[in-house]
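Source file: my_file_21.cif; contents: mmCIF, C-alpha atoms.
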```
data_input
loop_
_atom_site.label_atom_id
_atom_site.label_comp_id
_atom_site.auth_asym_id
_atom_site.auth_seq_id
_atom_site.Cartn_x
_atom_site.Cartn_y
_atom_site.Cartn_z
CA MET A 1 73.78 81.88 83.25
CA ALA A 2 70.08 81.71 84.01
CA ASN A 3 70.92 81.13 87.67
CA TYR A 4 72.58 84.55 87.85
CA LEU A 5 69.70 86.45 86.22
CA PRO A 6 68.03 87.43 89.54
CA ILE A 7 71.39 88.70 90.84
CA LEU A 8 71.89 90.73 87.65
CA ILE A 9 68.39 92.21 87.93
CA TYR A 10 69.01 93.07 91.59
CA LEU A 11 72.38 94.66 90.74
CA ILE A 12 70.78 96.79 88.01
CA ALA A 13 68.01 97.84 90.42
CA VAL A 14 70.52 98.81 93.13
CA ILE A 15 72.73 100.79 90.75
CA GLY A 16 69.65 102.46 89.25
CA PHE A 17 68.31 103.40 92.67
CA ALA A 18 71.69 104.82 93.70
CA ALA A 19 71.97 106.82 90.49
CA VAL A 20 68.45 108.20 90.76
CA SER A 21 69.01 109.04 94.45
CA LEU A 22 72.15 111.01 93.58
CA ILE A 23 70.97 112.74 90.40
CA LEU A 24 67.34 113.56 91.22
CA PRO A 25 68.04 116.04 94.06
CA HIS A 26 70.34 118.04 91.78
CA LEU A 27 67.57 118.31 89.20
CA VAL A 28 64.59 118.97 91.50
CA ALA A 29 65.95 120.74 94.60
CA PRO A 30 65.67 124.53 94.84
CA ARG A 31 68.89 126.51 94.82
CA ARG A 32 68.50 129.47 97.14
CA HIS A 33 71.77 130.60 98.65
CA THR A 34 71.45 132.62 101.81
CA ARG A 35 74.04 133.85 104.27
CA VAL A 36 72.94 131.32 106.87
CA LYS A 37 72.96 128.38 104.44
CA ASP A 38 76.44 129.23 103.22
CA MET A 39 77.90 129.33 106.76
CA PRO A 40 79.92 126.30 107.83
CA TYR A 41 78.06 124.00 110.21
CA GLU A 42 79.67 123.91 113.64
CA SER A 43 77.51 121.43 115.56
CA GLY A 44 74.62 123.84 115.87
CA MET A 45 76.72 126.75 117.10
CA ASP A 46 77.70 129.91 115.28
CA PRO A 47 81.34 129.69 114.16
CA VAL A 48 83.55 132.04 116.15
CA GLY A 49 87.20 132.72 115.44
CA ASP A 50 89.58 130.88 113.18
CA ALA A 51 88.96 127.23 112.33
CA ARG A 52 92.71 126.62 112.04
CA LYS A 53 93.33 127.06 115.76
CA PRO A 54 95.67 124.29 116.98
CA PHE A 55 94.42 121.75 119.51
CA ASP A 56 96.19 121.10 122.74
CA VAL A 57 98.41 118.02 122.64
CA LYS A 58 96.41 116.48 125.49
CA PHE A 59 93.53 115.77 123.10
CA TYR A 60 95.82 113.67 120.93
CA LEU A 61 97.37 111.91 123.93
CA ILE A 62 93.96 110.93 125.27
CA ALA A 63 92.93 109.69 121.81
CA ILE A 64 96.08 107.58 121.48
CA LEU A 65 95.68 106.17 124.98
CA PHE A 66 92.07 105.31 124.21
CA LEU A 67 93.13 103.44 121.09
CA VAL A 68 95.87 101.57 122.95
CA PHE A 69 93.62 100.42 125.76
CA ASP A 70 90.73 99.71 123.40
CA VAL A 71 92.86 97.52 121.14
CA GLU A 72 94.26 95.67 124.14
CA LEU A 73 90.75 94.94 125.34
CA LEU A 74 90.08 93.45 121.94
CA PHE A 75 92.84 90.94 122.71
CA ILE A 76 91.41 90.08 126.13
CA TYR A 77 87.82 89.46 125.01
CA PRO A 78 88.49 86.50 122.66
CA TRP A 79 90.70 84.92 125.31
CA ALA A 80 87.92 85.11 127.88
CA VAL A 81 85.38 83.64 125.46
CA SER A 82 87.60 80.84 124.19
CA LEU A 83 88.81 79.87 127.65
CA LEU A 84 85.46 78.44 128.66
CA ALA A 85 84.44 77.12 125.24
CA PRO A 86 84.78 73.34 124.88
CA ASP A 87 86.64 73.69 121.57
CA GLY A 88 88.60 76.78 122.65
CA VAL A 89 92.01 76.79 124.30
CA PRO A 90 93.20 73.24 125.05
CA VAL A 91 93.48 72.43 128.75
CA ASP A 92 97.25 71.88 128.52
CA PHE A 93 97.84 75.37 127.12
CA ARG A 94 95.57 77.30 129.50
CA PRO A 95 98.27 78.07 132.11
CA ALA A 96 100.63 79.41 129.42
CA VAL A 97 97.87 81.51 127.87
CA PHE A 98 96.94 82.78 131.32
CA VAL A 99 100.55 83.84 131.98
CA VAL A 100 100.67 85.68 128.65
CA LEU A 101 97.43 87.44 129.52
CA ILE A 102 98.78 88.47 132.92
CA ILE A 103 101.88 89.89 131.18
CA LEU A 104 99.60 91.81 128.80
CA ILE A 105 97.55 93.25 131.66
CA ALA A 106 100.74 94.12 133.59
CA THR A 107 102.06 95.94 130.52
CA LEU A 108 98.78 97.85 130.28
CA ALA A 109 98.96 98.75 133.97
CA LEU A 110 102.54 99.94 133.51
CA ALA A 111 101.54 102.06 130.50
CA TYR A 112 98.69 103.54 132.53
CA LEU A 113 101.04 104.37 135.41
CA VAL A 114 103.58 105.99 133.08
CA ALA A 115 100.84 108.10 131.50
CA TYR A 116 99.56 109.06 134.94
CA ARG A 117 103.04 110.02 136.17
CA LYS A 118 103.59 112.13 133.03
CA GLY A 119 100.39 114.06 133.85
CA VAL A 120 98.43 113.05 130.78
CA PHE A 121 95.22 112.77 132.77
CA ASP A 122 95.72 116.04 134.68
CA TRP A 123 93.87 118.64 132.61
CA ARG A 124 94.43 121.54 135.01
CA ARG A 125 98.23 121.43 134.92
CA LYS A 126 99.79 124.09 132.69
#
```
Show me, as structure tokens, the structure contained in the file I just sent.
Amino acid sequence: MANYLPILIYLIAVIGFAAVSLILPHLVAPRRHTRVKDMPYESGMDPVGDARKPFDVKFYLIAILFLVFDVELLFIYPWAVSLLAPDGVPVDFRPAVFVVLIILIATLALAYLVAYRKGVFDWRRK
């Protein structure tokens, strides 16, 4: 148990610091409510209009496409790193892994072409 004493002391210090950091501003900070302080923060701009205005679907489509292509790149990066590593992909399996990667990239290209043909990237089209 004596081996864990420094960890226990550190844990108490961290929890104490967090508690003091959360409680102290509520006890010491001034509470002056003004019209400007009570306004919602809109990235440095004065809020205009209703905040519940719906977004155009194109924003969501671009976000989904970004996630799809970003996740697919996460699959390509480890392959590229392990291909040249001495303890990575065995030499016998490299052609099969390469074919699978080509299929993955072809699928990505096809998804990009479908999105392009649907007009997802054309912001001026109504």
Exercise for the section: Point out the residue among A:Phe59, A:Arg117, A:Leu5, A:Trp79 with the least atom-to-atom distance to Val99 of chain A, counting all atoms listed in the file. Expected result: A:Trp79
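For the residues A:Leu24, A:Ile103, A:Leu84, A:Met1, ranking by smallest atom-to-atom distance to Glu72 of chain A using all atoms listed in the file places A:Ile103 first.
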Exercise for the section: Can you work out which one of A:Val20, A:Met45, A:Val14, A:Leu65 has the shortest atom-to-atom distance to Val114 of chain A, counting only C-alpha atoms? Expected result: A:Leu65
Exercise for the section: Considering only C-alpha atoms, state which residue in the set A:Leu22, A:Ala63, A:Val89, A:Leu108 is at the smallest distance from Val120 of chain A. Expected result: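 Going through A:Leu22, A:Ala63, A:Val89, A:Leu108 one by one, the smallest distance to Val120 of chain A is for A:Ala63.
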Output as lines of an AutoDock Vina configuration file the centre and edge lengths (Å, one decimal) of the box along x, y and z of the file that holds every listed atom of segment 108-117 of chain A after adding 3 Å on each side.
```
center_x = 101.1
center_y = 103.9
center_z = 133.2
size_x = 10.9
size_y = 18.2
size_z = 11.9
```
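Across the structure, atom CA of Val71 of chain A and atom CA of Leu104 of chain A are spaced 11.7 Å apart.
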Completion exercise
One decimal place gives the atom CA of Val97 of chain A-atom CA of Pro78 of chain A separation as 11.8 Å
Fill in the blank from the handout: Atom pair atom CA of Leu61 of chain A + atom CA of Arg124 of chain A, distance 15.0 Å
